[in-house]
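Participant: Input structure_27.cif, format and content: mmCIF, C-alpha atoms.
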data_input
loop_
_atom_site.label_atom_id
_atom_site.label_comp_id
_atom_site.auth_asym_id
_atom_site.auth_seq_id
_atom_site.Cartn_x
_atom_site.Cartn_y
_atom_site.Cartn_z
CA MET A 1 125.83 353.49 -5.31
CA LEU A 2 128.44 354.55 -2.80
CA VAL A 3 126.50 353.22 0.16
CA GLU A 4 125.77 350.01 -1.75
CA ARG A 5 129.49 349.51 -2.24
CA ILE A 6 130.06 350.06 1.47
CA ALA A 7 127.31 347.59 2.28
CA GLY A 8 129.09 345.14 -0.01
CA GLY A 9 132.22 345.34 2.13
CA ASP A 10 134.24 347.80 0.01
CA ALA A 11 136.38 349.76 2.46
CA GLU A 12 137.63 352.04 -0.32
CA ALA A 13 134.03 353.20 -0.80
CA LEU A 14 134.06 354.24 2.83
CA GLY A 15 137.15 356.27 1.96
CA ASP A 16 135.26 357.81 -0.98
CA LEU A 17 132.41 358.77 1.35
CA TYR A 18 134.99 360.35 3.65
CA ASP A 19 136.45 362.28 0.71
CA ARG A 20 133.03 363.76 -0.04
CA TYR A 21 131.72 364.50 3.40
CA GLY A 22 134.54 363.90 5.90
CA ARG A 23 135.47 367.56 6.14
CA VAL A 24 131.94 368.77 6.91
CA ALA A 25 131.40 365.87 9.32
CA PHE A 26 134.64 366.63 11.15
CA GLY A 27 133.91 370.36 11.25
CA MET A 28 130.48 369.68 12.69
CA LEU A 29 131.84 367.29 15.33
CA TYR A 30 134.65 369.70 16.13
CA ARG A 31 132.10 372.31 17.10
CA MET A 32 129.78 369.89 18.91
CA LEU A 33 132.52 368.35 21.05
CA PRO A 34 135.13 369.76 23.41
CA GLY A 35 138.23 369.33 21.28
CA PRO A 36 139.87 367.84 18.21
CA GLU A 37 140.65 364.54 19.93
CA ALA A 38 136.98 363.96 20.73
CA ALA A 39 135.97 364.99 17.19
CA GLU A 40 138.49 362.54 15.76
CA GLU A 41 137.34 359.73 18.02
CA VAL A 42 133.66 360.30 17.25
CA ALA A 43 134.32 360.66 13.51
CA GLN A 44 135.89 357.20 13.56
CA ASP A 45 132.95 355.84 15.55
CA ALA A 46 130.52 357.41 13.08
CA PHE A 47 132.20 355.98 9.99
CA HIS A 48 132.27 352.61 11.71
CA ALA A 49 128.53 352.98 12.30
CA VAL A 50 128.13 353.79 8.58
CA TRP A 51 130.02 350.61 7.78
CA ARG A 52 127.75 348.52 10.00
CA ARG A 53 124.49 350.15 8.93
CA ALA A 54 125.10 350.69 5.22
CA SER A 55 122.81 347.84 4.23
CA SER A 56 119.91 349.51 6.07
CA TYR A 57 120.32 352.87 4.29
CA ARG A 58 117.17 353.73 2.32
CA PRO A 59 117.61 356.51 -0.23
CA GLU A 60 113.90 357.33 -0.24
CA ARG A 61 114.28 358.40 3.40
CA GLY A 62 116.90 361.04 2.73
CA ALA A 63 120.16 361.98 1.04
CA VAL A 64 123.44 360.27 1.88
CA ARG A 65 124.92 363.43 3.40
CA THR A 66 121.93 363.85 5.69
CA TRP A 67 122.11 360.21 6.71
CA LEU A 68 125.81 360.45 7.45
CA LEU A 69 125.56 363.69 9.40
CA ALA A 70 122.65 362.32 11.43
CA ILE A 71 124.85 359.33 12.32
CA CYS A 72 127.59 361.76 13.31
CA ARG A 73 125.18 363.77 15.44
CA ASN A 74 123.95 360.61 17.19
CA ALA A 75 127.53 359.47 17.77
CA ALA A 76 128.32 362.87 19.28
CA ILE A 77 125.26 362.67 21.55
CA ASP A 78 126.33 359.19 22.67
CA TRP A 79 129.86 360.45 23.33
CA ARG A 80 128.58 363.30 25.48
CA ARG A 81 126.35 360.98 27.46
CA THR A 82 128.80 358.15 27.97
CA ARG A 83 132.34 359.52 27.68
CA GLY A 84 132.14 363.28 27.94
CA LYS A 85 132.85 364.74 31.34
CA ARG A 86 130.41 367.21 32.77
CA SER A 87 133.08 369.92 32.70
CA GLU A 88 133.62 369.30 28.98
CA ARG A 89 129.96 369.57 28.34
CA GLU A 90 129.69 372.84 30.17
CA VAL A 91 132.23 374.39 27.81
CA SER A 92 130.03 373.86 24.83
CA ILE A 93 127.28 376.27 25.89
CA ASP A 94 129.62 379.17 25.17
CA THR A 95 130.43 377.94 21.71
CA ALA A 96 126.77 377.23 21.01
CA ALA A 97 125.82 380.89 20.87
CA ASP A 98 125.18 381.10 17.13
CA LEU A 99 123.53 378.60 14.86
CA ILE A 100 125.94 379.60 12.10
CA ALA A 101 129.34 381.16 12.47
CA ASP A 102 130.30 384.69 11.45
CA GLY A 103 133.44 383.75 9.56
CA ARG A 104 133.50 382.53 5.99
CA VAL A 105 132.94 378.85 5.45
CA ASP A 106 135.50 376.58 3.86
CA GLU A 107 134.48 376.45 0.19
CA ARG A 108 135.46 372.82 0.08
CA VAL A 109 132.48 372.25 2.41
CA VAL A 110 129.84 374.70 1.16
CA ASP A 111 130.03 376.82 -1.96
CA ALA A 112 129.54 380.57 -1.62
CA LEU A 113 126.10 380.71 -3.21
CA ARG A 114 124.73 377.99 -0.99
CA GLU A 115 126.30 379.64 2.04
CA GLU A 116 124.54 382.92 1.31
CA ARG A 117 121.19 381.16 0.97
CA VAL A 118 121.68 379.43 4.29
CA ARG A 119 122.76 382.63 6.04
CA LYS A 120 119.71 384.43 4.73
CA ALA A 121 117.33 381.67 5.84
CA VAL A 122 118.84 381.51 9.31
CA SER A 123 118.94 385.28 9.75
CA GLU A 124 115.20 385.43 9.05
CA LEU A 125 114.43 383.28 12.08
CA PRO A 126 113.44 385.19 15.24
CA ALA A 127 116.41 385.36 17.64
CA GLU A 128 114.73 383.29 20.36
CA GLN A 129 114.11 380.47 17.88
CA ARG A 130 117.68 380.63 16.56
CA ASP A 131 118.97 380.44 20.12
CA VAL A 132 117.10 377.29 21.10
CA LEU A 133 118.10 375.56 17.86
CA SER A 134 121.71 376.48 18.45
CA LEU A 135 121.75 375.47 22.12
CA ALA A 136 120.21 372.12 21.24
CA PHE A 137 122.26 371.30 18.17
CA TRP A 138 125.69 372.69 19.01
CA GLY A 139 125.44 372.73 22.78
CA GLY A 140 123.83 369.31 23.09
CA TYR A 141 121.18 370.50 25.50
CA SER A 142 117.78 368.88 25.66
CA GLN A 143 114.63 370.98 25.59
CA THR A 144 114.23 370.40 29.33
CA GLU A 145 117.77 371.58 30.02
CA ILE A 146 117.33 374.66 27.82
CA ALA A 147 114.13 375.53 29.68
CA ALA A 148 115.93 375.27 33.04
CA ARG A 149 119.00 377.21 31.94
CA THR A 150 117.12 380.03 30.29
CA ASN A 151 114.30 380.23 32.85
CA THR A 152 111.79 379.66 30.12
CA PRO A 153 108.70 377.42 30.41
CA LEU A 154 109.30 374.03 28.77
CA GLY A 155 106.23 374.47 26.58
CA THR A 156 107.66 377.72 25.22
CA VAL A 157 111.00 376.07 24.42
CA LYS A 158 109.23 373.23 22.64
CA SER A 159 107.15 375.57 20.55
CA ARG A 160 110.24 377.63 19.63
CA VAL A 161 111.99 374.44 18.51
CA ARG A 162 109.01 373.40 16.40
CA LEU A 163 108.49 376.82 14.87
CA GLY A 164 112.18 377.39 14.19
CA MET A 165 112.72 374.01 12.60
CA THR A 166 109.51 374.28 10.58
CA LYS A 167 110.55 377.68 9.19
CA LEU A 168 114.01 376.41 8.42
CA ARG A 169 112.55 373.47 6.56
CA GLU A 170 110.13 375.69 4.63
CA ARG A 171 112.99 377.98 3.57
CA PHE A 172 115.02 375.13 2.18
CA VAL A 173 112.09 373.28 0.67
CA ASP A 174 111.06 376.54 -1.02
CA GLU A 175 114.58 376.97 -2.35
CA ARG A 176 114.41 373.74 -4.33
CA MET B 1 105.23 348.81 29.31
CA SER B 2 104.98 348.31 25.56
CA ILE B 3 105.58 351.14 23.15
CA ASP B 4 102.68 352.26 20.99
CA ARG B 5 104.46 352.55 17.67
CA THR B 6 101.31 353.54 15.82
CA ARG B 7 101.14 357.08 17.23
CA HIS B 8 102.90 359.42 14.83
CA PRO B 9 105.23 361.63 16.89
CA LEU B 10 105.08 364.47 14.38
CA GLU B 11 105.43 367.17 17.03
CA ASP B 12 108.63 365.61 18.34
CA LEU B 13 110.38 365.18 15.00
CA PRO B 14 111.95 368.66 14.91
CA ALA B 15 113.42 368.18 18.38
CA TYR B 16 114.52 364.67 17.46
CA ALA B 17 116.38 366.04 14.44
CA LEU B 18 118.12 368.47 16.80
CA GLY B 19 118.94 365.77 19.34
CA ALA B 20 116.97 367.71 21.94
CA LEU B 21 114.59 365.04 23.21
CA GLU B 22 114.91 363.32 26.55
CA GLU B 23 116.08 359.72 26.42
CA ALA B 24 112.61 358.14 26.73
CA GLU B 25 111.15 360.44 24.05
CA ARG B 26 114.08 359.72 21.76
CA ALA B 27 113.63 355.97 22.21
CA PHE B 28 109.96 356.25 21.35
CA VAL B 29 110.62 358.22 18.16
CA GLU B 30 113.39 355.83 17.11
CA ALA B 31 111.15 352.83 17.61
CA HIS B 32 108.42 354.47 15.57
CA LEU B 33 110.77 355.46 12.75
CA GLU B 34 111.79 351.86 12.25
CA THR B 35 108.37 351.08 10.85
CA CYS B 36 106.99 354.40 9.59
CA ASP B 37 108.21 355.67 6.23
CA GLU B 38 105.91 358.69 6.44
CA CYS B 39 107.54 360.01 9.62
CA ALA B 40 110.99 359.04 8.32
CA ARG B 41 110.44 361.21 5.23
CA GLU B 42 109.15 364.03 7.40
CA LEU B 43 112.21 363.76 9.61
CA ALA B 44 114.52 363.71 6.59
CA GLN B 45 113.18 367.12 5.53
CA PHE B 46 113.92 368.59 8.95
CA GLU B 47 117.35 366.99 8.95
CA GLU B 48 118.21 368.18 5.45
CA ALA B 49 117.35 371.76 6.42
CA LEU B 50 119.23 371.45 9.69
CA TYR B 51 122.36 370.02 8.10
CA GLU B 52 122.37 372.73 5.46
CA ALA B 53 122.64 375.17 8.34
CA ALA B 54 125.07 372.93 10.24
CA ALA B 55 127.44 372.79 7.27
CA VAL B 56 127.66 376.58 7.37
CA GLY B 57 127.88 376.60 11.16
CA ALA B 58 130.51 373.87 11.35
CA ALA B 59 133.96 374.78 12.60
CA ARG B 60 136.54 375.47 9.94
CA ALA B 61 138.81 372.68 11.10
CA ASP B 62 141.05 370.38 9.12
CA PRO B 63 140.70 366.73 10.03
CA PRO B 64 143.97 364.93 10.83
CA ARG B 65 145.74 363.97 7.61
CA ASP B 66 145.72 360.27 8.42
CA LEU B 67 142.09 360.06 9.57
CA ARG B 68 140.90 358.79 6.20
CA ALA B 69 143.58 356.11 6.09
CA ARG B 70 142.72 355.00 9.61
CA ILE B 71 139.03 354.73 8.78
CA VAL B 72 139.69 352.72 5.64
CA LEU B 73 142.34 350.53 7.26
CA ARG B 74 140.05 349.68 10.15
CA HIS B 75 137.55 348.20 7.74
CA ARG B 76 139.66 346.60 5.07
CA GLY B 77 139.08 342.88 5.13
CA THR B 78 136.79 343.04 8.13
CA ARG B 79 133.60 342.04 6.36
CA ALA B 80 132.94 338.27 6.31
CA ARG B 81 133.64 337.14 2.76
CA ARG B 82 132.58 334.13 0.79
CA GLU B 83 134.93 331.20 1.03
CA SER B 84 135.76 331.45 -2.68
CA ASP B 85 137.00 335.02 -2.25
CA TRP B 86 139.73 333.85 0.07
CA GLY B 87 140.27 330.31 -1.15
CA GLY B 88 143.23 328.68 -2.81
CA ALA B 89 143.79 330.58 -6.07
CA ARG B 90 143.58 334.06 -4.56
CA ALA B 91 145.70 333.15 -1.58
CA ARG B 92 148.29 331.43 -3.78
CA ALA B 93 148.40 334.44 -6.11
CA TRP B 94 148.99 336.73 -3.17
CA LEU B 95 151.65 334.54 -1.68
CA ALA B 96 153.34 334.21 -5.07
CA ARG B 97 153.98 337.95 -5.23
CA PRO B 98 157.58 338.99 -4.80
CA VAL B 99 158.16 339.46 -1.10
CA PRO B 100 160.19 342.58 -0.20
CA LEU B 101 163.59 341.64 1.15
CA ALA B 102 162.96 343.47 4.38
CA LEU B 103 159.86 341.45 5.17
CA PRO B 104 160.85 339.44 8.21
CA LEU B 105 159.78 335.92 8.80
CA ALA B 106 157.37 336.93 11.55
CA LEU B 107 155.26 339.05 9.21
CA ALA B 108 155.38 336.41 6.47
CA VAL B 109 153.99 333.93 8.97
CA PHE B 110 151.29 336.44 9.88
CA LEU B 111 150.24 336.84 6.29
CA VAL B 112 150.22 333.10 5.68
CA VAL B 113 148.15 332.58 8.81
CA SER B 114 145.79 335.34 7.73
CA PHE B 115 145.11 333.76 4.35
CA VAL B 116 145.02 330.13 5.38
CA ALA B 117 142.86 330.58 8.43
CA VAL B 118 139.72 331.68 6.64
CA GLY B 119 136.46 332.38 8.44
CA THR B 120 136.30 332.34 12.19
CA ALA B 121 140.02 332.30 12.76
CA ARG B 122 140.41 335.19 10.33
CA ARG B 123 137.85 337.28 12.17
CA GLU B 124 139.68 336.58 15.38
CA ALA B 125 143.05 337.67 14.03
CA ASP B 126 144.32 340.82 15.71
CA ALA B 127 143.62 344.21 14.23
CA TYR B 128 147.21 344.76 13.12
CA ALA B 129 147.30 341.57 11.09
CA ARG B 130 143.88 342.32 9.64
CA ALA B 131 144.97 345.78 8.60
CA LEU B 132 147.96 344.43 6.72
CA ALA B 133 146.16 341.44 5.27
CA GLY B 134 143.58 343.86 3.91
CA VAL B 135 146.08 345.78 1.81
CA ALA B 136 144.88 344.49 -1.53
CA ASP B 137 146.54 346.85 -3.95
CA GLY B 138 149.93 347.85 -2.71
CA ARG B 139 153.22 346.72 -1.32
CA VAL B 140 153.85 345.99 2.35
CA VAL B 141 157.32 346.25 3.87
CA ALA B 142 157.76 345.35 7.52
CA LEU B 143 159.65 347.73 9.75
CA ALA B 144 161.98 345.79 12.02
CA ALA B 145 161.93 346.54 15.75
CA GLN B 146 165.22 348.10 16.83
CA LYS B 147 167.03 347.59 20.12
CA ASP B 148 165.22 350.41 21.94
CA ALA B 149 161.77 349.44 20.71
CA PRO B 150 159.02 349.02 23.34
CA PRO B 151 157.90 345.42 23.85
CA ASP B 152 155.44 344.26 21.17
CA ALA B 153 156.19 347.25 18.93
CA ARG B 154 155.24 346.47 15.32
CA GLY B 155 155.14 348.46 12.16
CA ALA B 156 154.90 348.17 8.42
CA LEU B 157 155.26 350.52 5.49
CA VAL B 158 152.42 350.36 2.96
CA ILE B 159 153.06 351.70 -0.54
CA PRO B 160 149.68 351.75 -2.29
CA ARG B 161 149.48 351.69 -6.06
CA SER B 162 147.80 355.07 -5.87
CA GLY B 163 147.85 357.59 -3.05
CA ASP B 164 150.37 358.46 -0.37
CA PRO B 165 152.44 355.79 1.36
CA TYR B 166 151.74 355.30 5.03
CA VAL B 167 152.99 353.35 7.98
CA VAL B 168 150.77 351.11 10.08
CA LEU B 169 152.09 351.10 13.62
CA GLU B 170 151.28 349.29 16.80
CA LEU B 171 153.04 351.12 19.57
CA SER B 172 152.36 352.09 23.15
CA SER B 173 151.28 355.69 23.75
CA PRO B 174 154.28 358.01 23.74
CA PRO B 175 155.26 359.60 27.07
CA THR B 176 153.74 362.99 27.91
CA GLY B 177 155.17 365.71 25.68
CA LYS B 178 156.46 363.18 23.15
CA ALA B 179 155.20 361.78 19.86
CA TRP B 180 156.12 359.11 17.32
CA GLU B 181 157.69 360.62 14.22
CA ALA B 182 158.18 358.91 10.86
CA TRP B 183 161.21 359.60 8.66
CA VAL B 184 162.09 358.87 5.08
CA ILE B 185 165.86 358.46 4.85
CA LYS B 186 167.53 358.88 1.47
CA GLY B 187 171.16 357.90 1.79
CA GLN B 188 172.19 359.61 5.01
CA HIS B 189 169.56 362.36 4.83
CA PRO B 190 166.37 361.94 6.93
CA THR B 191 163.22 363.87 6.00
CA ALA B 192 160.47 364.34 8.57
CA ALA B 193 157.37 362.60 7.20
CA GLY B 194 154.68 362.79 9.89
CA VAL B 195 154.03 362.89 13.62
CA SER B 196 151.44 361.13 15.78
CA GLY B 197 150.76 361.23 19.49
CA SER B 198 148.61 358.09 19.25
CA GLY B 199 149.07 354.76 20.93
CA GLY B 200 147.73 351.34 19.99
CA LEU B 201 147.07 350.65 16.32
CA PHE B 202 147.36 353.77 14.20
CA THR B 203 148.73 355.05 10.93
CA ILE B 204 150.86 357.94 9.79
CA VAL B 205 150.46 359.06 6.19
CA LEU B 206 153.92 359.95 4.96
CA SER B 207 154.30 363.51 3.74
CA ALA B 208 157.61 362.74 2.01
CA PRO B 209 157.88 360.52 -1.08
CA VAL B 210 159.37 357.07 -0.68
CA GLY B 211 161.65 355.86 -3.45
CA ALA B 212 163.51 352.66 -4.16
CA GLY B 213 166.35 352.14 -1.71
CA ASP B 214 164.96 354.57 0.87
CA VAL B 215 164.69 353.64 4.52
CA VAL B 216 161.61 354.47 6.58
CA ALA B 217 162.11 354.78 10.32
CA VAL B 218 160.13 355.80 13.39
CA THR B 219 161.63 357.62 16.36
CA LEU B 220 160.39 359.14 19.61
CA GLU B 221 160.50 362.94 19.38
CA PRO B 222 159.08 366.02 21.12
CA ALA B 223 155.32 366.30 20.57
CA ALA B 224 155.68 369.00 17.90
CA GLY B 225 158.11 366.87 15.91
CA SER B 226 161.76 367.50 15.10
CA ARG B 227 163.67 368.77 12.09
CA ALA B 228 166.11 365.90 12.47
CA PRO B 229 165.89 362.74 14.57
CA THR B 230 166.93 363.26 18.17
CA SER B 231 166.78 359.62 19.21
CA ASP B 232 167.60 356.21 17.77
CA PRO B 233 164.95 354.51 15.61
CA ILE B 234 162.34 352.34 17.27
CA LEU B 235 161.34 350.74 13.98
CA ALA B 236 163.06 350.80 10.60
CA GLY B 237 162.84 349.11 7.24
CA GLY B 238 164.28 349.52 3.76
CA THR B 239 162.41 349.59 0.49
#
Take the structure in this file and express it as structure tokens.
Facilitator:
Amino acid sequence: MLVERIAGGDAEALGDLYDRYGRVAFGMLYRMLPGPEAAEEVAQDAFHAVWRRASSYRPERGAVRTWLLAICRNAAIDWRRTRGKRSEREVSIDTAADLIADGRVDERVVDALREERVRKAVSELPAEQRDVLSLAFWGGYSQTEIAARTNTPLGTVKSRVRLGMTKLRERFVDER
Amino acid sequence: MSIDRTRHPLEDLPAYALGALEEAERAFVEAHLETCDECARELAQFEEALYEAAAVGAARADPPRDLRARIVLRHRGTRARRESDWGGARARAWLARPVPLALPLALAVFLVVSFVAVGTARREADAYARALAGVADGRVVALAAQKDAPPDARGALVIPRSGDPYVVLELSSPPTGKAWEAWVIKGQHPTAAGVSGSGGLFTIVLSAPVGAGDVVAVTLEPAAGSRAPTSDPILAGGT
């Protein structure tokens, strides 16, 4: 309904979408990008992309939050490739160390029960799989770049990505 | 070389969800996803799991207070509408509303132009005019440029029927170490109401309530904001 309203040209519905998911989207972009200014810029780009693409959203292909966050992720990737300076990109490898943070999560983003489930699922992944997922998602590194930086054969990186993501998916699918 | 969209790139979907494919691989998967619901559903499962983890891994960071308003403002009135939505009766009703005393002629002309010039001309109107013309459920009061205002400085106070009031500003970027600060002035007493280091078209959501007879002003202040104005107003308008 919300996305339909956006597709119909209702800017307030875009505000409603922001109310629901803006905080998690901003927090994700904040960690993916070098600073709050970049996160703010990309968040605006992402919501503009939502506005333009709302009519092509298909609920059978995934939930609204997933669709929005994927748009945010793509906008962040585009920012890194087109506007981010190399030096800014280099910073992110340090902050990409962990797939999930140690500190408590804002309960306005994820409730405590859900957070515990996620922490458990992630902690059950082998460390080498967690690392490649984290470097790729938060650090913005491609599989090829991860292989080069960690002196690991590309095939090994690819299989860690596949295995890690498959286990993550199984954990969450099983939880439903 | 044409892309074979019939090959299901199942092995690449996890890396695609992560954003870890090389450009050519990413392009191939995207092209395939356009036509393959099966792979799109598969991808959605990876993405849902990934974003569950990402929500927990996301930084605990507060977005800027006016980010929502800026996102909404940018899109109000930007979608092409049917002629009847903008035609005579609606425009006349809008124009028949009581116009705040502080609304200068220039803004009134802007609004008239915005409503009369439907269609192409409307889409070509500048972003500032579009932002104000898109305020459908609130009151707009122009802020008059003062003697020290930068050339082309424009601003308006928007008092929505629900939600916080905000100012829509079009100003050059402040000098290094400085920011634009909004004030709500009751009688002779100014209250700091928000700071922005932005330039161009931007908004500041006012953190102080605006009542009848109050004046809203914008000054140039140190980047962290001031407790009381340290310079003359750039823009000001009364409610």
Participant: Given the file shown, enumerate the residues that the PyMOL selection byres ((chain B) within 6 of (chain A)) captures and present them as a ChimeraX atom specification.
Facilitator: /B:14,18,20-21,40-41,44,46,48-49,53,56-61,72,75-76,79
Participant: Between atom CA of Val216 of chain B and atom CA of Leu235 of chain B, measure the distance and give it in Å to one decimal.
Facilitator: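 Rounded to one decimal, the two atoms are 8.3 Å apart.
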Participant: Need to verify the contact set: His8 of chain B, 10 Å, all atoms listed in the file, exclusion of same-chain residues closer than 3 positions in sequence. Can you return it as number ranges by chain?
Facilitator: B: 4-5, 11-13, 29, 32-33, 36, 38-39
Participant: Between A:Arg83, A:Ala148, A:Arg20, A:Leu68, single out the one closest to Glu47 of chain B, counting only C-alpha atoms.
Facilitator: A:Leu68
Participant: Name the residues in contact with Tyr166 of chain B at a cut-off of 6 Å, using all atoms listed in the file, excluding same-chain residues fewer than 6 positions from it; report them as an MDAnalysis selection string.
Facilitator: chainID B and resid 157:158 204:206
Participant: Please tabulate, as a Markdown table, the residues of segment 136-217 of chain B that come within 12 Å of segment 62-68 of chain B, each with its closest pair of atoms and the distance in Å to one decimal, counting all atoms listed in the file and ordering rows by chain, then residue number upward.
Facilitator:
| residue | atom | partner | partner_atom | distance |
| --- | --- | --- | --- | --- |
| B:Gly163 | CA | B:Arg68 | CA | 11.6 |
| B:Asp164 | CA | B:Asp66 | CA | 10.1 |
| B:Pro165 | CA | B:Asp66 | CA | 10.7 |
| B:Tyr166 | CA | B:Asp66 | CA | 8.5 |
| B:Val167 | CA | B:Asp66 | CA | 10.0 |
| B:Val168 | CA | B:Asp66 | CA | 10.6 |
| B:Ala193 | CA | B:Arg65 | CA | 11.7 |
| B:Gly194 | CA | B:Arg65 | CA | 9.3 |
| B:Val195 | CA | B:Asp66 | CA | 10.1 |
| B:Ser196 | CA | B:Asp66 | CA | 9.4 |
| B:Gly197 | CA | B:Pro64 | CA | 11.6 |
| B:Ser198 | CA | B:Asp66 | CA | 11.4 |
| B:Phe202 | CA | B:Asp66 | CA | 8.9 |
| B:Thr203 | CA | B:Asp66 | CA | 6.5 |
| B:Ile204 | CA | B:Asp66 | CA | 5.8 |
| B:Val205 | CA | B:Asp66 | CA | 5.4 |
| B:Leu206 | CA | B:Asp66 | CA | 8.9 |
| B:Ser207 | CA | B:Arg65 | CA | 9.4 |
Participant: In Å, with one decimal, what is the gap from atom CA of Val3 of chain A to atom CA of Ala54 of chain A?
Facilitator: 5.8 Å
Participant: In Å to one decimal, how far is atom CA of Asp232 of chain B from atom CA of Ala153 of chain B?
Facilitator: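 Atom CA of Ala153 of chain B sits 14.6 Å away from atom CA of Asp232 of chain B.
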Participant: Return as number ranges by chain the set of residues that the PyMOL selection byres ((chain B and resi 224) around 8) yields on the displayed structure.
Facilitator: B: 178-179, 195, 221-223, 225-226
Participant: I need the residue nearest Asp214 of chain B from this list: B:Ala24, B:Leu73, B:Leu10, B:Ala236. Use only C-alpha atoms for the distance.
Facilitator: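 For Asp214 of chain B, the nearest of the given residues is B:Ala236.
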Participant: Which neighbours of Val215 of chain B fall inside 8 Å, counting only C-alpha atoms, when residues of the same chain fewer than 3 positions from it are skipped, and could you give them as an MDAnalysis selection string?
Facilitator: chainID B and resid 184:186 236:239
Participant: At a cut-off of 7 Å, using all atoms listed in the file, what residues contact Ala192 of chain B? Leave out same-chain residues fewer than 4 positions from it and give the result as number ranges by chain.
Facilitator: B: 182-184, 227
